Amino acid sequence: MIADVLAEATSRMDRAVEAAKEDFATVRTGRANPQMFQRVQVDYYGTPTPLQQLASFANPEARTVVVTPYDKSALKAIEDAIRDMPNLGANPTNDGNVVRVTMPELTEERRKEYVKLVRGKAEDARVRVRGIRRQVKDDLEALKDEIGEDDVVRGEKDLDQLTKKHVDLIDEALKHKEAELLEV
C-alpha cells in the first residue's frame with residue numbers, strides 16, 4: 001500500500017518537475033528558440049489555438065525564428081499573437097508567406113529581470129512539489145490504522161527523500177537556466 005502511494009507521489013512530482021522545465025524553456029535567453037512560443041495562443045477563426053498546431057518553426061540564425069503557417073490566412077493572427085506575447089520584447093514582421101521574429105539583444109537589466117522571473121517559476125514548482133508531499137503525507141496518516149505506525153513513519157521518511165530529490169532537480173534546472181540567461 002505504501003509503495004503504491006509513493007509511486008503515485010513520484011509520478012506527480014515528476015510531472016511537476018517537467019512542468020517547471022517547460023516553464024523555464026518559455027523564458028527567452030540570448031538565443032532565439034522555438035520553445036519560447038510553446039504557450040502562444042492564436043485566435044484562429046474565433047478559437048484559441050496553440051501556435052505549435054498552426055505553424056512550423058525554423059531557426060536560421062542565432063537570434064531569428066521563422067514561423068511558417070500551414071494556412072496563410074492565419075498569418076496576421078499569428079503575427080498579432082506573437083506581438084502580444086509578454087516577456088518577449090520582439091517585433092515580428094510578416095512578408096506575406098512567413099512571420100520573421102528577430103530577438104533584440106538582451107541588456108544586463110533585462111537579463112536580471114528574466115533571472116527573477118525564472119526564480120519565481122522555480123519557487124512555484126517547489127511549492128507544487130511540497131503540496132504533493134503534504135497530500136501524500138495525509139494519505140499515509142490515513143493508512144495508519146491499517147498498516148501500523150512504524151510503516152507510516154518509514155513511508156514518510158521515503159517521501160521526504162523523494163521530495164528532496166525532486167526539489168534538487170528543480171534547483172539544478174534553475175541553476176542551468178540562470179547560467180544560460182547570464183551568458184553574454
# chains A, B, ... in the order shown; residues from 1 in each chain; ligands from 1
$ residues_around --residues "stretch 160-174 of chain A" --least-positions-apart "4" --cutoff "8 Å" --atoms "only C-alpha atoms" --output "number ranges by chain"
A: 10, 13-14, 17, 20-21, 24, 118-119, 122, 125-126, 129-130, 133, 156, 178
$ write_last_selection --atoms "N, CA, C and O atoms" --output "compact mmCIF listing (two decimals), in the first residue's frame"
# COMPACT_ATOMS: atom_id res chain seq x y z
N THR A 10 5.65 9.90 -6.73
CA THR A 10 6.78 10.04 -7.64
C THR A 10 6.30 10.51 -9.00
O THR A 10 6.88 11.43 -9.59
N MET A 13 5.22 14.18 -8.76
CA MET A 13 6.37 15.07 -8.60
C MET A 13 7.18 15.17 -9.89
O MET A 13 7.68 16.24 -10.24
N ASP A 14 7.30 14.05 -10.61
CA ASP A 14 8.00 14.07 -11.90
C ASP A 14 7.31 15.02 -12.87
O ASP A 14 7.95 15.78 -13.58
N VAL A 17 8.15 18.59 -11.96
CA VAL A 17 9.49 18.96 -12.40
C VAL A 17 9.50 19.23 -13.91
O VAL A 17 10.09 20.21 -14.38
N ALA A 20 7.98 22.52 -14.65
CA ALA A 20 8.92 23.60 -14.33
C ALA A 20 9.92 23.78 -15.46
O ALA A 20 10.21 24.91 -15.87
N LYS A 21 10.44 22.69 -15.99
CA LYS A 21 11.41 22.78 -17.09
C LYS A 21 10.77 23.40 -18.33
O LYS A 21 11.40 24.20 -19.03
N PHE A 24 10.54 27.06 -17.74
CA PHE A 24 11.84 27.69 -17.93
C PHE A 24 12.13 27.88 -19.42
O PHE A 24 12.71 28.88 -19.81
N VAL A 118 12.50 33.57 -13.61
CA VAL A 118 12.77 32.13 -13.56
C VAL A 118 12.82 31.65 -12.11
O VAL A 118 12.33 30.57 -11.79
N ARG A 119 13.40 32.45 -11.22
CA ARG A 119 13.43 32.07 -9.80
C ARG A 119 12.02 31.97 -9.24
O ARG A 119 11.73 31.08 -8.43
N ALA A 122 10.60 28.76 -10.42
CA ALA A 122 11.20 27.64 -9.68
C ALA A 122 10.54 27.52 -8.30
O ALA A 122 10.26 26.41 -7.84
N ALA A 125 7.24 25.89 -8.59
CA ALA A 125 7.38 24.44 -8.80
C ALA A 125 7.71 23.74 -7.48
O ALA A 125 7.17 22.67 -7.18
N ARG A 126 8.58 24.37 -6.66
CA ARG A 126 8.90 23.78 -5.35
C ARG A 126 7.64 23.71 -4.49
O ARG A 126 7.42 22.73 -3.77
N VAL A 129 5.58 20.78 -5.54
CA VAL A 129 6.15 19.51 -5.05
C VAL A 129 5.84 19.35 -3.56
O VAL A 129 5.44 18.27 -3.10
N ARG A 130 5.98 20.42 -2.79
CA ARG A 130 5.69 20.34 -1.35
C ARG A 130 4.21 20.12 -1.09
O ARG A 130 3.84 19.45 -0.13
N ARG A 133 3.65 16.55 -1.49
CA ARG A 133 4.17 15.88 -0.30
C ARG A 133 3.16 15.94 0.83
O ARG A 133 2.90 14.95 1.50
N GLU A 156 6.97 7.95 5.45
CA GLU A 156 7.18 9.40 5.49
C GLU A 156 8.65 9.75 5.24
O GLU A 156 8.95 10.75 4.59
N GLU A 178 19.64 29.87 -15.20
CA GLU A 178 20.27 31.13 -14.81
C GLU A 178 21.60 31.32 -15.54
O GLU A 178 21.90 32.42 -16.01
$ select_by_dssp --residues "stretch 30-178 of chain A" --states "strand (DSSP E or B)" --output "MDAnalysis selection string"
chainID A and resid 41:44 47:50 55:61 64:69 93:94 99:102
$ write_last_selection --atoms "N, CA, C and O atoms" --output "short mmCIF file (atom, residue, chain, number, x, y, z; two decimals), in the first residue's frame"
data_model
loop_
_atom_site.label_atom_id
_atom_site.label_comp_id
_atom_site.auth_asym_id
_atom_site.auth_seq_id
_atom_site.Cartn_x
_atom_site.Cartn_y
_atom_site.Cartn_z
N GLN A 41 -1.05 31.38 -27.78
CA GLN A 41 -2.38 31.00 -28.27
C GLN A 41 -2.77 31.98 -29.38
O GLN A 41 -2.72 33.19 -29.18
N VAL A 42 -3.16 31.46 -30.52
CA VAL A 42 -3.56 32.28 -31.66
C VAL A 42 -5.07 32.20 -31.81
O VAL A 42 -5.65 31.12 -31.71
N ASP A 43 -5.70 33.35 -32.06
CA ASP A 43 -7.14 33.38 -32.30
C ASP A 43 -7.37 32.94 -33.74
O ASP A 43 -7.31 33.73 -34.68
N TYR A 44 -7.62 31.65 -33.92
CA TYR A 44 -7.76 31.06 -35.25
C TYR A 44 -9.23 30.77 -35.50
O TYR A 44 -9.79 29.84 -34.93
N THR A 47 -11.27 30.65 -32.31
CA THR A 47 -10.90 29.63 -31.32
C THR A 47 -9.44 29.81 -30.93
O THR A 47 -8.57 29.85 -31.80
N PRO A 48 -9.14 29.90 -29.62
CA PRO A 48 -7.73 29.97 -29.22
C PRO A 48 -7.04 28.64 -29.53
O PRO A 48 -7.46 27.60 -29.06
N THR A 49 -6.03 28.71 -30.36
CA THR A 49 -5.33 27.51 -30.82
C THR A 49 -3.84 27.68 -30.54
O THR A 49 -3.28 28.74 -30.81
N PRO A 50 -3.16 26.63 -30.03
CA PRO A 50 -1.71 26.73 -29.81
C PRO A 50 -0.98 26.96 -31.13
O PRO A 50 -1.30 26.35 -32.15
N ALA A 55 1.67 26.20 -37.21
CA ALA A 55 2.85 26.60 -37.97
C ALA A 55 4.05 25.72 -37.65
O ALA A 55 4.08 25.04 -36.64
N SER A 56 5.03 25.80 -38.55
CA SER A 56 6.31 25.15 -38.30
C SER A 56 7.33 26.24 -37.99
O SER A 56 7.13 27.41 -38.33
N PHE A 57 8.42 25.86 -37.37
CA PHE A 57 9.43 26.81 -36.94
C PHE A 57 10.78 26.47 -37.53
O PHE A 57 11.12 25.30 -37.66
N ALA A 58 11.53 27.50 -37.87
CA ALA A 58 12.91 27.33 -38.32
C ALA A 58 13.75 28.34 -37.58
O ALA A 58 13.28 29.42 -37.21
N ASN A 59 15.00 28.00 -37.36
CA ASN A 59 15.91 28.86 -36.61
C ASN A 59 17.14 29.14 -37.48
O ASN A 59 18.21 28.59 -37.23
N PRO A 60 17.02 30.02 -38.52
CA PRO A 60 18.14 30.21 -39.44
C PRO A 60 19.35 30.91 -38.85
O PRO A 60 20.46 30.68 -39.29
N GLU A 61 19.13 31.76 -37.84
CA GLU A 61 20.23 32.47 -37.20
C GLU A 61 20.05 32.39 -35.69
O GLU A 61 18.99 32.01 -35.20
N THR A 64 17.05 34.70 -34.62
CA THR A 64 15.90 34.78 -35.51
C THR A 64 15.15 33.44 -35.53
O THR A 64 15.76 32.39 -35.61
N VAL A 65 13.83 33.55 -35.48
CA VAL A 65 12.96 32.38 -35.66
C VAL A 65 12.01 32.72 -36.80
O VAL A 65 11.44 33.80 -36.84
N VAL A 66 11.88 31.78 -37.75
CA VAL A 66 10.96 31.95 -38.86
C VAL A 66 9.77 31.03 -38.61
O VAL A 66 9.93 29.82 -38.45
N VAL A 67 8.57 31.63 -38.54
CA VAL A 67 7.34 30.88 -38.30
C VAL A 67 6.60 30.78 -39.64
O VAL A 67 6.21 31.80 -40.21
N THR A 68 6.43 29.55 -40.12
CA THR A 68 5.75 29.32 -41.40
C THR A 68 4.39 28.70 -41.13
O THR A 68 4.30 27.54 -40.72
N PRO A 69 3.32 29.47 -41.34
CA PRO A 69 1.99 28.93 -41.06
C PRO A 69 1.57 27.89 -42.11
O PRO A 69 1.96 28.00 -43.28
N THR A 93 7.77 40.44 -38.02
CA THR A 93 7.46 41.02 -39.33
C THR A 93 6.85 39.95 -40.22
O THR A 93 7.26 38.79 -40.17
N ASN A 94 5.91 40.37 -41.05
CA ASN A 94 5.16 39.46 -41.90
C ASN A 94 5.46 39.84 -43.34
O ASN A 94 5.22 40.96 -43.76
N VAL A 99 6.30 34.58 -40.90
CA VAL A 99 6.48 35.60 -39.87
C VAL A 99 7.91 35.45 -39.37
O VAL A 99 8.31 34.37 -38.94
N ARG A 100 8.68 36.52 -39.47
CA ARG A 100 10.08 36.51 -39.05
C ARG A 100 10.16 37.24 -37.70
O ARG A 100 9.75 38.39 -37.59
N VAL A 101 10.67 36.55 -36.68
CA VAL A 101 10.80 37.13 -35.35
C VAL A 101 12.29 37.26 -35.03
O VAL A 101 12.97 36.26 -34.87
N THR A 102 12.76 38.51 -34.97
CA THR A 102 14.16 38.76 -34.63
C THR A 102 14.21 39.27 -33.20
O THR A 102 13.56 40.26 -32.86
#
$ select_by_dssp --residues "stretch 51-92 of chain A" --states "helix (DSSP H, G or I)" --output "MDAnalysis selection string"
chainID A and resid 51:54 72:83
$ write_last_selection --atoms "N, CA and C atoms" --output "tab-separated table (two decimals), in the first residue's frame"
chain	number	residue	atom	x	y	z
A	51	LEU	N	-0.02	27.85	-31.10
A	51	LEU	CA	0.76	28.19	-32.30
A	51	LEU	C	1.45	26.96	-32.87
A	52	GLN	N	1.84	26.03	-32.02
A	52	GLN	CA	2.53	24.82	-32.46
A	52	GLN	C	1.68	24.02	-33.46
A	53	GLN	N	0.34	24.14	-33.35
A	53	GLN	CA	-0.56	23.40	-34.24
A	53	GLN	C	-0.80	24.13	-35.56
A	54	LEU	N	-0.43	25.41	-35.62
A	54	LEU	CA	-0.72	26.21	-36.81
A	54	LEU	C	0.47	26.48	-37.70
A	72	LYS	N	-2.06	30.13	-44.81
A	72	LYS	CA	-1.59	31.52	-45.00
A	72	LYS	C	-2.60	32.54	-44.49
A	73	SER	N	-3.89	32.17	-44.37
A	73	SER	CA	-4.89	33.13	-43.89
A	73	SER	C	-4.71	33.41	-42.39
A	74	ALA	N	-3.93	32.59	-41.71
A	74	ALA	CA	-3.69	32.78	-40.27
A	74	ALA	C	-2.47	33.64	-40.00
A	75	LEU	N	-1.82	34.12	-41.05
A	75	LEU	CA	-0.57	34.86	-40.91
A	75	LEU	C	-0.71	36.08	-40.00
A	76	LYS	N	-1.72	36.90	-40.23
A	76	LYS	CA	-1.91	38.11	-39.44
A	76	LYS	C	-2.22	37.77	-37.98
A	77	ALA	N	-3.04	36.75	-37.74
A	77	ALA	CA	-3.39	36.34	-36.37
A	77	ALA	C	-2.15	35.84	-35.63
A	78	ILE	N	-1.29	35.10	-36.34
A	78	ILE	CA	-0.05	34.60	-35.72
A	78	ILE	C	0.86	35.76	-35.37
A	79	GLU	N	1.00	36.70	-36.29
A	79	GLU	CA	1.85	37.87	-36.05
A	79	GLU	C	1.34	38.65	-34.82
A	80	ASP	N	0.03	38.85	-34.74
A	80	ASP	CA	-0.55	39.58	-33.60
A	80	ASP	C	-0.33	38.83	-32.29
A	81	ALA	N	-0.50	37.52	-32.30
A	81	ALA	CA	-0.33	36.73	-31.08
A	81	ALA	C	1.11	36.80	-30.59
A	82	ILE	N	2.07	36.75	-31.51
A	82	ILE	CA	3.48	36.83	-31.11
A	82	ILE	C	3.79	38.22	-30.58
A	83	ARG	N	3.26	39.25	-31.22
A	83	ARG	CA	3.50	40.63	-30.78
A	83	ARG	C	2.94	40.85	-29.37
$ closest_residue --among "A:Leu182, A:Met103, A:Val115, A:Ala9" --to "A:Pro34" --atoms "only C-alpha atoms"
A:Met103
$ closest_residue --among "A:Asp151, A:Asp71, A:Asp95, A:Glu180" --to "A:Met1" --atoms "only C-alpha atoms"
A:Asp151
$ residues_around --residues "A:Val152" --least-positions-apart "2" --cutoff "8 Å" --atoms "only C-alpha atoms" --output "list in words"
Ile2, Leu140, Glu141, Leu143, Lys144, Ile147, Gly148, Glu149, Asp150, Arg154, Gly155 and Glu156 of chain A
$ atom_distance --atom1 "atom CA of A:Met85" --atom2 "atom CA of A:Lys175"
25.1 Å
$ closest_residue --among "A:Ala32, A:Ala90, A:Ala62, A:Leu159" --to "A:Ile132" --atoms "only C-alpha atoms"
A:Leu159
$ atom_distance --atom1 "atom CA of A:Val40" --atom2 "atom CA of A:Asp84"
9.2 Å
